[in-house]
Amino acid sequence: MTSVESLAAGPLFGLPLPELWFVLVFTMLATFLFLDGFDFGAGAIFALLETDDERETVLAAIGPFWDGNEVWLVVFGGALFAAFPPAYAGLFSRHYLLMFGILGTLILRGLAPEMYEQRHDSQWQRWWGRAFVTGSVLAPFLLGAFAGNWLVGSGRSLTLVGLVVGVTVTLLTVVSGAAFLQLKGRERLPEAVTTYGTAATVGYLLAVVVTLGVLAVRLPGGLEALLDPAIVALVVASIGLAAGYVVALGREQSLLALGAAAVLTYGLVAVVAILMYPAIDPATGATVRGTIVSTLPLNLMTIGASLLLPLVAIYFVVLYSAFSGPITPEEAY
Amino acid sequence: MIDPVIASRLQFAVTTIVHIIFPVMSMGLAPFLIYFTWKDIRTDEPIYEQLRRFWTKIFAISFVVGTVTGIVLEFEFGTNFAAFSTAAGELFGGPLAVEGMMAFMLEATFLGVFVFGRDRVGDKLYFVSSIAVGLGTWLSAVWILIANSWMQTPRGYELVTENGQTIVHLTDPIAAYLNPRFGYMYVHMQNAAVESVALFMAGVGAYYVFRHHVWGYPVENVNFWEATLKIGLVALLITAPLQVLHGDMYGRHVAETQPQKFAAMEAVWETESYVPEYIVAVPTSVDGFTDPRAKELFGIGIPGGASWLASGGDPTAEIRGLNDFETEAPPVAIVFWAFRAMVGLGFWFILLALWGGYRWYKGQLLEDGLLHKALMGSSLLGIVAVELGWIVTEVGRQPWVIQDVMRTSAGVSPGLTGTEATITLVGFVGVYTTLLGLYSYVVWRIIRNGPPGGDQLRVNREESPTTGPETPAPGVADDD
C-alpha cells in the first residue's frame with residue numbers, strides 16, 4: 001500500500017505523468033469523437049432517408065449506445081479540468097459562446113430522438129426529426145471549430161481554421177455513421193448508405209487537404225510543423241485507411257469499415273495533439289508541464305484512472321455485445 | 001446588460017435548479033427499480049413487470065434530460081467560473097473526473113442494457129444491470145457532493161501563491177474529500193431523493209385510486225395503481241421521519257461550521273443569546289418579506305429554540321448575528337423563507353405518511369378521498385423541498401464560493417463580458433423552461449397511458465421477443 005506522503009514525493013514509478021495525461025485527455029476526446037461521432041453521422045444520414053421504417057432503424061441503432069458514448073465528453077472535460085485546470089479554465093472561458101453553442105446542439109441532439117418516439121403523428125415527428133438532424137450536424141461542426149481554434153490559439157468564436165476543421169470533423173462523423181448504420185441495419189437500410197459513406201470519405205480527404213493548407217499559413221511555424229515525420233506518416237496512413245474503408249464498405253464488411261473510421265478519428269486527433277505539444281493552450285503559451293496539477297493529486301488521479309478505465313472498457317464490451325448484430329424488425333426503438 | 005458576476009450566478013442558479021430535478025428522479029427511482037426487477041425475475045406476478053416497465057420509462061426520460069443538462073454544469077465551471085477553476089481545480093476537478101469515469105459511465109452504459117435489453121440479455125445480467133444503473137446514480141451523488149461539500153467546509157489544502165495567483169494545493173486527500181460536511185449532505189440528499197419519488201408515486205397512485213374508488217370511474221389496471229400508492233406510502237413512512245432527524249443534525253453542523261449561513265437561516269442580525277425558533281413566522285410589514293429580521297417578526301416561537309438547535313441542547317447559547325461578520329450577509333430573505341418552507345414541508349410529509357399509514361391500518365386507504373387529494377397535491381412537493389434545501393445551501397454560503405477562502409465574485413471568468421453572460425443567461429432561461437415543459441409533458445403522457453396490460457402483455461412478448469419499453473404499451477390505444 002503506497003502511503004499518501006510517498007505519492008506526494010515524486011512521479012508514480014518514474015512515469016512522465018504530465019505527458020501521460022496529455023495523451024489520455026486527447027484519447028478521451030478522440031474516443032468521444034469516434035463513439036458519439038457515429039451517432040452524429042447516423043443523425044446526418046437520417047436526413048437523407050426516405051421511409052419511416054429506415055428512420056426508425058437509425059433511431060433503434062443508436063438508442064442503447066448514445067448515452068454511454070456521450071459520457072466520453074464529460075470524461076474528457078473532467079480529465080482536462082482535473083489534470084490541467086488553467087488550460088480547462090482558459091479554453092472554456094475564452095470560447096464562451098462557442099461552448100454554449102456546443103452544449104445547445106448536444107441538448108437538441110440528445111432530446112430529439114426521445115421526443116420523436118413519444119408521439120406518432122407525422123408533424124411532431126417531422127419537427128423532432130429536423131431537430132435531431134440539426135443537432136447531429138451542428139454538434140460535431142462546432143466541436144471541430146473549437147478544436148481548430150484551440151490549436152491555433154484563437155479566442156474568437158469562429159475562425160477560418162475553426163471553420164475548416166469543423167467541416168472536416170462533421171464529414172468524418174458521416175464516414176463513421178455510414179459504417180455503423182450498414183452494420184446495424186443490413187437489409188433494412190438501402191444501398192444509399194454505402195454511397196453516402198463513400199462520398200463522405202472523399203469529402204473528408206478533400207477537407208483534410210484544405211485544412212492542412214490553411215494550417216500551413218495560419219499555424220506559427222506552419223509548413224515546417226506539418227512536415228514533422230509523425231504528421232506526414234499520419235496523413236499518408238489516413239489516405240490508405242480511407243481507401244480501405246471505401247473498399248470494405250462496398251463489400252459490406254461493415255465492422256472493418258467501422259474500424260477504419262475509428263483509426264481515422266484517432267489519427268485526426270493525434271495530428272492536433274502533435275501539432276500542439278508541448279503547449280496545451282497555445283493561445284496563452286501554457287505548456288503541459290506548466291499547467292499540470294501538483295504531484296499528489298496527479299498520482300492519485302493516475303491510480304484512479306488506471307483502475308477505472310479498464311472497468312469502463314468492460315462496461316462497453318458488455319453493452320456492445322448485448323446489442324451486437326443488425327437491428328431486428330421488432331426492435332424499432 | 002447584466003453584470004457578468006450577477007449573470008453568471010443567475011445562470012448557474014437556473015441551470016442547477018432545473019438540472020437537480022432529473023438526478024432526484026433517477027436517484028430516487030433507482031432502489032424501486034432494483035426491487036421491481038428482482039421481483040419481476042423471481043416471481044411470476046405480472047404486476048412487477050408492469051411496475052418495472054412503467055417506472056423505467058420515467059427513469060429513462062429523466063436520465064436523458066439529466067445527462068444533457070448535467071454536461072452544461074460541468075462546462076460552466078470553465079466558461080463562467082474560470083478563476084475559481086484555475087485556483088481550485090486541483091481539488092475540485094478530481095472528483096468531477098472520477099464521477100465521470102466511476103459513476104456516470106456505469107449508469108449510462110448499463111442504462112442501455114436496462115432500458116433496451118430485457119429480451120437480449122439473460123435474467124442475471126439484466127438484474128445486474130439494474131443494480132449497476134442504481135449504483136451509478138448513487139455514486140454520482142457521492143462525487144458531486146464531495147466536490148460541493150468541500151466548498152462548504154474546505155479541508156486538506158494549503159494556499160500557495162504562484163505567479164501572483166493564489167492556488168489551492170491538495171495536501172491531505174482524505175481530509176479534503178471526507179470533509180465534515182460530506183456525510184450530512186450525502187445522507188440528507190439521498191434520503192430526500194427517495195422521499196421525493198415516494199411522494200410522487202403515492203400521488204400518482206392516489207390519482208387513479210381516487211378516480212376508481214371514490215368517484216367510481218372504471219380504471220384499467222386499478223391493482224397496479226393501488227400497488228403504486230402503497231409502495232410510495234411505505235417508502236414515505238420510512239424516509240419522511242429520517243429526513244427530519246438527520247436534517248436536525250445537519251442544521252447543528254451548519255451552525256458550527258458556517259455560522260454566517262446559520263444566522264441567515266434564522267435572520268439573526270445582532271449577536272444574542274436565548275434566540276427563539278420561529279415555527280410560524282409572519283412579517284408585520286411588506287419589508288418583513290424582503291428583509292426578515294427574526295426579532296421583528298410576528299410569530300409563534302419556541303423560546304430559546306434556535307439557540308438550542310445551534311448548540312445541540314443549550315437554549316441560552318449565543319448566536320452570532322450577521323452584523324458581526326466581516327463579509328456582507330447572504331441574501332437573507334431567500335435563505336430565511338426557503339429554510340422555513342423546507343422544514344415546514346418536511347413535517348407535512350411526516351404527517352401525510354402517518355395519516356396514510358393509519359388509514360391503511362384501518363383498512364380505509366382506498367376510500368379516503370381527502371387523503372387521496374392531499375397525496376395528489378403533495379406529489380411534487382418533495383422536489384420542491386429539495387430545491388428549497390439547495391437554495392438554503394448555495395445562497396446561504398454567499399458571498400463565498402469556497403467558504404472563507406474565495407469570494408464568488410473573485411471566481412468569475414476574468415474576460416467574461418456582460419453581453420456574453422446576458423446572452424447565455426437569456427438563452428438558458430428559454431431552453432431550460434422548454435426542457436422542463438417537454439419533460440413534464442412526456443411524464444404526464446406516460447402516466448396517462450398507464451402500465452402495459454396484464455395478460456395481454458405476456459402474449460405480445462412471446463410474439464415479439466424484442467419489444468423494448470420505449471414501444472407504446474401493447475393494449476393501450478395510442479390517442480394520436
# chains A, B, ... in the order shown; residues from 1 in each chain; ligands from 1
$ closest_atom_pairs --of "chain A" --to "chain B" --cutoff "6 Å" --atoms "only C-alpha atoms" --output "Markdown table"
| residue | atom | partner | partner_atom | distance |
| --- | --- | --- | --- | --- |
| A:Pro64 | CA | B:Gly112 | CA | 4.1 |
| A:Asp67 | CA | B:Ala108 | CA | 5.5 |
| A:Gly68 | CA | B:Ala108 | CA | 4.6 |
| A:Val75 | CA | B:Gly100 | CA | 5.1 |
| A:Gly78 | CA | B:Ala97 | CA | 4.0 |
| A:Ala79 | CA | B:Ala97 | CA | 5.2 |
| A:Phe81 | CA | B:Gly93 | CA | 5.1 |
| A:Ala82 | CA | B:Gly93 | CA | 4.0 |
| A:Pro85 | CA | B:Gly89 | CA | 5.0 |
| A:Pro86 | CA | B:Thr86 | CA | 4.7 |
| A:Ala89 | CA | B:Gly78 | CA | 4.4 |
| A:Phe92 | CA | B:Thr79 | CA | 4.8 |
| A:Ser93 | CA | B:Thr79 | CA | 3.8 |
| A:Tyr96 | CA | B:Thr79 | CA | 5.7 |
| A:Ile107 | CA | B:Val68 | CA | 5.2 |
| A:Val293 | CA | B:Glu90 | CA | 5.8 |
| A:Glu330 | CA | B:Thr466 | CA | 5.9 |
| A:Glu331 | CA | B:Thr466 | CA | 5.8 |
$ write_last_selection --atoms "N, CA, C and O atoms" --output "CSV table (one decimal), in the first residue's frame"
chain,number,residue,atom,x,y,z
A,64,PRO,N,-29.5,2.3,-27.7
A,64,PRO,CA,-28.9,1.8,-26.5
A,64,PRO,C,-27.5,2.4,-26.2
A,64,PRO,O,-27.0,2.3,-25.1
A,67,ASP,N,-26.0,7.4,-25.0
A,67,ASP,CA,-25.8,8.0,-23.7
A,67,ASP,C,-24.4,7.6,-23.2
A,67,ASP,O,-23.7,8.5,-22.8
A,68,GLY,N,-24.1,6.4,-23.3
A,68,GLY,CA,-22.7,5.9,-22.9
A,68,GLY,C,-21.7,6.6,-23.7
A,68,GLY,O,-20.6,7.0,-23.2
A,75,VAL,N,-16.2,12.9,-19.5
A,75,VAL,CA,-14.9,12.3,-19.0
A,75,VAL,C,-13.7,13.2,-19.5
A,75,VAL,O,-12.8,13.5,-18.8
A,78,GLY,N,-13.8,16.5,-17.6
A,78,GLY,CA,-13.4,16.2,-16.3
A,78,GLY,C,-11.9,16.0,-16.2
A,78,GLY,O,-11.3,16.6,-15.3
A,79,ALA,N,-11.4,15.2,-17.1
A,79,ALA,CA,-9.9,14.9,-17.0
A,79,ALA,C,-9.1,16.2,-17.3
A,79,ALA,O,-8.1,16.4,-16.7
A,81,PHE,N,-10.0,19.2,-16.7
A,81,PHE,CA,-10.2,20.1,-15.5
A,81,PHE,C,-9.3,19.6,-14.4
A,81,PHE,O,-8.6,20.3,-13.8
A,82,ALA,N,-9.3,18.3,-14.2
A,82,ALA,CA,-8.6,17.7,-13.1
A,82,ALA,C,-7.1,17.7,-13.3
A,82,ALA,O,-6.3,17.9,-12.3
A,85,PRO,N,-6.0,22.3,-14.8
A,85,PRO,CA,-7.1,23.3,-14.5
A,85,PRO,C,-6.9,24.6,-15.3
A,85,PRO,O,-7.9,25.1,-15.8
A,86,PRO,N,-5.7,25.2,-15.4
A,86,PRO,CA,-5.7,26.5,-16.0
A,86,PRO,C,-6.0,26.4,-17.5
A,86,PRO,O,-6.6,27.3,-18.1
A,89,ALA,N,-9.8,26.0,-17.7
A,89,ALA,CA,-10.5,27.3,-17.5
A,89,ALA,C,-10.3,28.3,-18.6
A,89,ALA,O,-11.2,29.0,-19.0
A,92,PHE,N,-12.2,27.1,-22.0
A,92,PHE,CA,-13.6,27.2,-22.0
A,92,PHE,C,-14.1,28.6,-21.8
A,92,PHE,O,-15.2,28.9,-22.4
A,93,SER,N,-13.4,29.4,-21.0
A,93,SER,CA,-13.9,30.8,-20.9
A,93,SER,C,-13.7,31.6,-22.1
A,93,SER,O,-14.5,32.5,-22.4
A,96,TYR,N,-16.3,31.2,-25.0
A,96,TYR,CA,-17.6,31.2,-24.2
A,96,TYR,C,-18.8,30.9,-25.0
A,96,TYR,O,-19.5,29.9,-24.8
A,107,ILE,N,-27.8,19.3,-26.4
A,107,ILE,CA,-29.1,19.2,-25.8
A,107,ILE,C,-30.2,18.8,-26.9
A,107,ILE,O,-30.9,17.8,-26.7
A,293,VAL,N,-1.3,19.7,-12.5
A,293,VAL,CA,-1.6,19.8,-11.1
A,293,VAL,C,-0.3,19.2,-10.4
A,293,VAL,O,0.5,18.6,-10.9
A,330,GLU,N,-38.5,-6.1,-35.0
A,330,GLU,CA,-39.3,-5.8,-33.8
A,330,GLU,C,-38.6,-4.7,-33.0
A,330,GLU,O,-39.2,-4.2,-32.0
A,331,GLU,N,-37.3,-4.4,-33.3
A,331,GLU,CA,-36.6,-3.6,-32.4
A,331,GLU,C,-36.8,-2.1,-32.6
A,331,GLU,O,-36.1,-1.3,-31.9
$ residues_around --residues "B:Glu277" --least-positions-apart "5" --cutoff "7 Å" --atoms "only C-alpha atoms" --output "VMD selection string"
chain B and resid 301 to 306
$ residues_around --residues "B:Thr290" --least-positions-apart "3" --cutoff "8 Å" --atoms "only C-alpha atoms" --output "JSON, numbers by chain"
{"B": [286, 287, 333]}
$ write_last_selection --atoms "N, CA and C atoms" --output "tab-separated table (two decimals), in the first residue's frame"
chain	number	residue	atom	x	y	z
B	286	VAL	N	-44.57	44.70	4.67
B	286	VAL	CA	-44.05	44.17	3.40
B	286	VAL	C	-42.54	43.98	3.49
B	287	ASP	N	-41.89	44.93	4.19
B	287	ASP	CA	-40.43	44.84	4.34
B	287	ASP	C	-40.01	43.54	5.01
B	333	ALA	N	-33.42	37.12	2.99
B	333	ALA	CA	-34.83	36.78	2.78
B	333	ALA	C	-34.96	35.42	2.10
$ closest_residue --among "B:Thr393, B:Ser26, B:Gln364, B:Gln50" --to "B:Val214" --atoms "only C-alpha atoms"
B:Gln364
$ select_by_dssp --residues "stretch 235-475 of chain B" --states "strand (DSSP E)" --output "number ranges by chain"
B: 272-273, 277-282, 298-302, 318-319, 400-402, 406-407
$ select_by_dssp --residues "stretch 110-321 of chain B" --states "alpha helix (DSSP H)" --output "PyMOL selection string"
chain B and resi 110-116+123-152+173-177+180-209+222-257+259-266+287-290+305-311
$ closest_atom_pairs --of "stretch 387-458 of chain B" --to "stretch 339-361 of chain B" --cutoff "10 Å" --atoms "only C-alpha atoms" --output "Markdown table"
| residue | atom | partner | partner_atom | distance |
| --- | --- | --- | --- | --- |
| B:Glu387 | CA | B:Met342 | CA | 8.7 |
| B:Leu388 | CA | B:Met342 | CA | 5.8 |
| B:Gly389 | CA | B:Met342 | CA | 6.3 |
| B:Trp390 | CA | B:Phe339 | CA | 9.6 |
| B:Ile391 | CA | B:Phe339 | CA | 8.4 |
| B:Val392 | CA | B:Phe339 | CA | 6.0 |
| B:Thr393 | CA | B:Phe339 | CA | 9.3 |
| B:Gly396 | CA | B:Phe339 | CA | 9.8 |
$ residues_around --residues "stretch 272-274 of chain B" --least-positions-apart "2" --cutoff "6 Å" --atoms "only C-alpha atoms" --output "list of chain:residue names"
B:Gly304, B:Ser307, B:Pro315, B:Thr316, B:Ala317, B:Glu318, B:Ile319
$ decode --residues "stretch 247-361 of chain B" --atoms "C-alpha atoms" --output "mmCIF file, in the first residue's frame"
data_model
loop_
_atom_site.group_PDB
_atom_site.id
_atom_site.type_symbol
_atom_site.label_atom_id
_atom_site.label_comp_id
_atom_site.auth_asym_id
_atom_site.auth_seq_id
_atom_site.Cartn_x
_atom_site.Cartn_y
_atom_site.Cartn_z
ATOM 1 C CA GLY B 247 -31.882 17.382 8.961
ATOM 2 C CA ASP B 248 -31.707 18.471 12.595
ATOM 3 C CA MET B 249 -28.153 17.148 12.957
ATOM 4 C CA TYR B 250 -27.235 18.822 9.673
ATOM 5 C CA GLY B 251 -28.567 22.161 10.945
ATOM 6 C CA ARG B 252 -26.446 21.977 14.081
ATOM 7 C CA HIS B 253 -23.421 21.158 11.948
ATOM 8 C CA VAL B 254 -24.079 24.221 9.776
ATOM 9 C CA ALA B 255 -24.253 26.379 12.908
ATOM 10 C CA GLU B 256 -20.811 25.096 13.901
ATOM 11 C CA THR B 257 -19.080 25.292 10.520
ATOM 12 C CA GLN B 258 -20.901 28.065 8.632
ATOM 13 C CA PRO B 259 -22.233 30.392 11.360
ATOM 14 C CA GLN B 260 -22.992 33.109 8.839
ATOM 15 C CA LYS B 261 -25.264 30.782 6.891
ATOM 16 C CA PHE B 262 -26.977 29.715 10.107
ATOM 17 C CA ALA B 263 -27.550 33.335 11.116
ATOM 18 C CA ALA B 264 -29.140 33.936 7.703
ATOM 19 C CA MET B 265 -31.343 30.857 8.084
ATOM 20 C CA GLU B 266 -32.629 32.358 11.347
ATOM 21 C CA ALA B 267 -32.468 36.024 10.226
ATOM 22 C CA VAL B 268 -30.455 36.955 13.304
ATOM 23 C CA TRP B 269 -28.677 40.274 12.726
ATOM 24 C CA GLU B 270 -27.428 41.113 16.221
ATOM 25 C CA THR B 271 -25.470 38.647 18.307
ATOM 26 C CA GLU B 272 -27.633 37.456 21.171
ATOM 27 C CA SER B 273 -28.420 34.512 23.343
ATOM 28 C CA TYR B 274 -31.678 32.714 24.085
ATOM 29 C CA VAL B 275 -32.804 33.067 20.442
ATOM 30 C CA PRO B 276 -36.281 31.652 19.745
ATOM 31 C CA GLU B 277 -37.065 29.353 16.824
ATOM 32 C CA TYR B 278 -39.995 30.615 14.800
ATOM 33 C CA ILE B 279 -42.092 27.689 13.668
ATOM 34 C CA VAL B 280 -44.641 30.028 12.155
ATOM 35 C CA ALA B 281 -43.392 33.448 11.195
ATOM 36 C CA VAL B 282 -45.477 36.202 9.693
ATOM 37 C CA PRO B 283 -43.949 39.507 8.727
ATOM 38 C CA THR B 284 -45.773 42.511 10.112
ATOM 39 C CA SER B 285 -44.973 44.636 7.057
ATOM 40 C CA VAL B 286 -44.051 44.166 3.400
ATOM 41 C CA ASP B 287 -40.431 44.838 4.342
ATOM 42 C CA GLY B 288 -40.590 41.789 6.546
ATOM 43 C CA PHE B 289 -40.803 39.605 3.469
ATOM 44 C CA THR B 290 -37.853 41.064 1.639
ATOM 45 C CA ASP B 291 -35.792 41.843 4.728
ATOM 46 C CA PRO B 292 -36.842 39.475 7.502
ATOM 47 C CA ARG B 293 -35.401 40.147 10.950
ATOM 48 C CA ALA B 294 -36.269 37.478 13.462
ATOM 49 C CA LYS B 295 -36.883 39.992 16.236
ATOM 50 C CA GLU B 296 -39.428 41.970 14.253
ATOM 51 C CA LEU B 297 -41.497 39.073 13.007
ATOM 52 C CA PHE B 298 -44.834 38.190 14.459
ATOM 53 C CA GLY B 299 -44.548 34.518 15.058
ATOM 54 C CA ILE B 300 -45.029 31.534 17.202
ATOM 55 C CA GLY B 301 -41.557 30.937 18.516
ATOM 56 C CA ILE B 302 -40.162 28.267 20.788
ATOM 57 C CA PRO B 303 -38.184 30.249 23.380
ATOM 58 C CA GLY B 304 -34.500 29.504 23.037
ATOM 59 C CA GLY B 305 -35.272 27.105 20.161
ATOM 60 C CA ALA B 306 -32.730 28.416 17.671
ATOM 61 C CA SER B 307 -30.044 28.569 20.340
ATOM 62 C CA TRP B 308 -30.954 25.041 21.328
ATOM 63 C CA LEU B 309 -30.670 23.887 17.696
ATOM 64 C CA ALA B 310 -27.368 25.615 17.098
ATOM 65 C CA SER B 311 -25.673 24.391 20.217
ATOM 66 C CA GLY B 312 -27.208 20.957 20.420
ATOM 67 C CA GLY B 313 -29.225 21.400 23.576
ATOM 68 C CA ASP B 314 -28.449 24.708 25.251
ATOM 69 C CA PRO B 315 -31.377 27.168 24.968
ATOM 70 C CA THR B 316 -29.283 30.036 26.290
ATOM 71 C CA ALA B 317 -26.452 29.628 23.747
ATOM 72 C CA GLU B 318 -25.269 32.709 21.903
ATOM 73 C CA ILE B 319 -25.865 33.049 18.170
ATOM 74 C CA ARG B 320 -23.524 35.317 16.274
ATOM 75 C CA GLY B 321 -25.509 37.898 14.334
ATOM 76 C CA LEU B 322 -24.994 38.758 10.670
ATOM 77 C CA ASN B 323 -23.734 42.239 11.576
ATOM 78 C CA ASP B 324 -20.773 40.715 13.371
ATOM 79 C CA PHE B 325 -19.253 39.063 10.299
ATOM 80 C CA GLU B 326 -16.655 40.859 8.234
ATOM 81 C CA THR B 327 -18.247 39.872 4.939
ATOM 82 C CA GLU B 328 -21.620 41.069 3.730
ATOM 83 C CA ALA B 329 -24.608 38.896 4.586
ATOM 84 C CA PRO B 330 -26.045 36.471 2.018
ATOM 85 C CA PRO B 331 -29.491 37.365 0.659
ATOM 86 C CA VAL B 332 -31.226 36.748 3.984
ATOM 87 C CA ALA B 333 -34.827 36.781 2.779
ATOM 88 C CA ILE B 334 -34.246 33.948 0.302
ATOM 89 C CA VAL B 335 -32.376 31.819 2.832
ATOM 90 C CA PHE B 336 -34.766 32.507 5.706
ATOM 91 C CA TRP B 337 -38.008 31.767 3.829
ATOM 92 C CA ALA B 338 -36.584 28.854 1.858
ATOM 93 C CA PHE B 339 -35.397 27.226 5.073
ATOM 94 C CA ARG B 340 -38.767 27.707 6.764
ATOM 95 C CA ALA B 341 -40.663 26.340 3.770
ATOM 96 C CA MET B 342 -38.362 23.308 3.546
ATOM 97 C CA VAL B 343 -38.721 22.454 7.224
ATOM 98 C CA GLY B 344 -42.477 23.002 7.064
ATOM 99 C CA LEU B 345 -42.745 20.623 4.127
ATOM 100 C CA GLY B 346 -40.615 18.072 5.961
ATOM 101 C CA PHE B 347 -43.087 17.984 8.834
ATOM 102 C CA TRP B 348 -46.051 17.907 6.449
ATOM 103 C CA PHE B 349 -44.603 14.796 4.788
ATOM 104 C CA ILE B 350 -44.381 13.033 8.166
ATOM 105 C CA LEU B 351 -47.979 13.944 8.882
ATOM 106 C CA LEU B 352 -49.018 12.708 5.458
ATOM 107 C CA ALA B 353 -47.172 9.432 5.958
ATOM 108 C CA LEU B 354 -48.749 8.859 9.364
ATOM 109 C CA TRP B 355 -52.205 9.760 8.078
ATOM 110 C CA GLY B 356 -51.888 7.353 5.150
ATOM 111 C CA GLY B 357 -50.372 4.673 7.350
ATOM 112 C CA TYR B 358 -53.208 4.969 9.862
ATOM 113 C CA ARG B 359 -55.951 4.751 7.214
ATOM 114 C CA TRP B 360 -54.218 1.761 5.681
ATOM 115 C CA TYR B 361 -54.044 0.082 9.088
#
